[in-house]
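**Student:** This is the structure, below, for whatever I ask next.
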Amino acid sequence: MDAAVQEAKLLRQVNALIVAHLRDQNLTQAASAVAAATMTPLASADDSIPTKHLLRLVAKGLAAELGDATRGGEASAVFDSGTAAGYGGLMPPLGINAVDFSMQVVKGSSKSFPKHETRHVSDHKNVVRCAKFSPDGKYFATGSGDTSIKFFEVAKTKQMMLGDSKDGPVRPVIRTFYDHMQPINDLDFHPENPILISAAKDNTIKFFDFSKTVARKAFRVIQDTHNVRSVCFHPCGDYLIAGTDHPVAHLYDINTFTCYISANPHDSSAAINQVRYSSTGSLYVTASKDGSLCIWDGISAECVRPIIGAHGSAEATSAIFTKDERYILSCGKDSSIKLWEVGTGRLVKQYVGAVHRQFRCQAVFNQTEEFVLSTDEQNSEVVVWDALTAEIVSRLSSGHTGAPRWLSHSTVEPAFVSCGNDRSVRFWKQTV
């Protein structure tokens, strides 16, 4: 009986928080409807529930669920008007397998990058502009200037590298999707369902169901108002964020297609080259054509850490979080790759020695985050740095004719894909 009473009290408190939150958002009609349906008093503005209290509780709860007690205790700082600063100036604790980039580096301690073999696995009819691995590492997809998307099975790609089987040639491309009118800019996989999304110059985001062997067209389409340069699913799978020619990222509810834009954008008028969520979705980062980066709160959509001139006046072409959300790896057309501390915006490391001034060059981690990989347009190479020492440990001839323009690394194994202006797709895997 006591448990039932406590549950009823908790339910009343939750209902009151929901009503207060809706009222704070000026959703008076919705607040009245919920209040009437749950028999909750429609409290006045001077009641005892502080503004944004529900958001603070949700942020703390999510942090506690992730075992991040420090961040949970400071979560309210993110939502305090005028004082938003990432983690309130604190860093979240390291994950179990995270690389500690704050540790003192010993000279000559760089790790050796394992040997890799590569194979040309397919061609598009125009330049290959982007690639993406699925979260489980079983598939990858490539998008092209010819408006097509090729869908590969990793197991078949590896089998192809071993040579033809007794049953004949192995074909790693298991689907080809045709539904865009303009070149493909970016791709992403749903975190749980067999859905691939694409972003293109035709101002659309398209959804493809790759569980259906005969499907060639999108089953859902989001029509944006701008060229969609980048797209990324929220880790929960219910939302996606899009970077476009508009200076503020567009958040979409994938069930209703409702579009949300931050009411508190930072001072930038430049298009967004890339947008990526952190591993928990608590943050996202944008890399813009004016060379700036911006770290955004994933709940309030406030810019909590602008990094103006991160790549000088050159375009910032890519930005990704480390798995523990403590750092961001960015790449720019100034031929530099930089590691930034999320909590302070401080530049931690620079990875130099590769030339990329023309294309939307990507800087990526390998699956353990021990190495950083990127491309050298001038020498047509894949360049590898030790992530901790920032020393170049390998230069791999890309095998592409001309400059490679995109890299995507598997998150589960030592394998990656390179794409080129020569219209080719190459698969790389560690040799045994």
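In the structure tokens, each chain is lettered A, B, ... as it comes, each chain's residues begin at 1, and ligands are numbered from 1 in order of appearance.
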Would you mind listing what lies within 6 Å of Asp188 in chain A as a list in words, with only C-alpha atoms counted and same-chain residues fewer than 4 positions away left out?
**Tutor:**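 Using only C-alpha atoms, the neighbours found are Leu196, Ile197 and Cys232 of chain A.
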**Student:** Got time to write the residues from that selection, all heavy atoms, as a compact mmCIF listing (two decimals), in the first residue's frame?
**Tutor:**
# COMPACT_ATOMS: atom_id res chain seq x y z
N LEU A 196 18.69 3.58 -43.91
CA LEU A 196 19.79 4.44 -44.34
C LEU A 196 19.19 5.77 -44.78
O LEU A 196 18.19 5.80 -45.49
CB LEU A 196 20.53 3.80 -45.51
CG LEU A 196 21.62 4.63 -46.20
CD1 LEU A 196 22.84 4.78 -45.29
CD2 LEU A 196 22.01 4.00 -47.53
N ILE A 197 19.79 6.88 -44.33
CA ILE A 197 19.31 8.18 -44.79
C ILE A 197 20.41 8.86 -45.60
O ILE A 197 21.60 8.63 -45.39
CB ILE A 197 18.86 9.11 -43.63
CG1 ILE A 197 19.99 9.30 -42.61
CG2 ILE A 197 17.60 8.60 -42.99
CD1 ILE A 197 19.66 10.36 -41.54
N CYS A 232 22.71 13.50 -39.49
CA CYS A 232 23.13 12.57 -38.43
C CYS A 232 21.94 12.20 -37.56
O CYS A 232 21.20 13.08 -37.10
CB CYS A 232 24.21 13.24 -37.58
SG CYS A 232 24.91 12.18 -36.29
**Student:** Nearest to Phe189 in chain A: which of A:Gly163, A:Pro247, A:Gly309, A:Gly137 is it, counting only C-alpha atoms?
**Tutor:** A:Gly137
**Student:** When DSSP works through the backbone of this structure, what residues of range 130-235 of chain A end up as helix (DSSP H, G or I), shown as a PyMOL selection string?
**Tutor:** chain A and resi 154-162
**Student:** When you count only C-alpha atoms, which of these residues is closest to Pro414 in chain A: A:Asp245, A:Glu117, A:Glu381, A:Asp290?
**Tutor:** A:Glu117
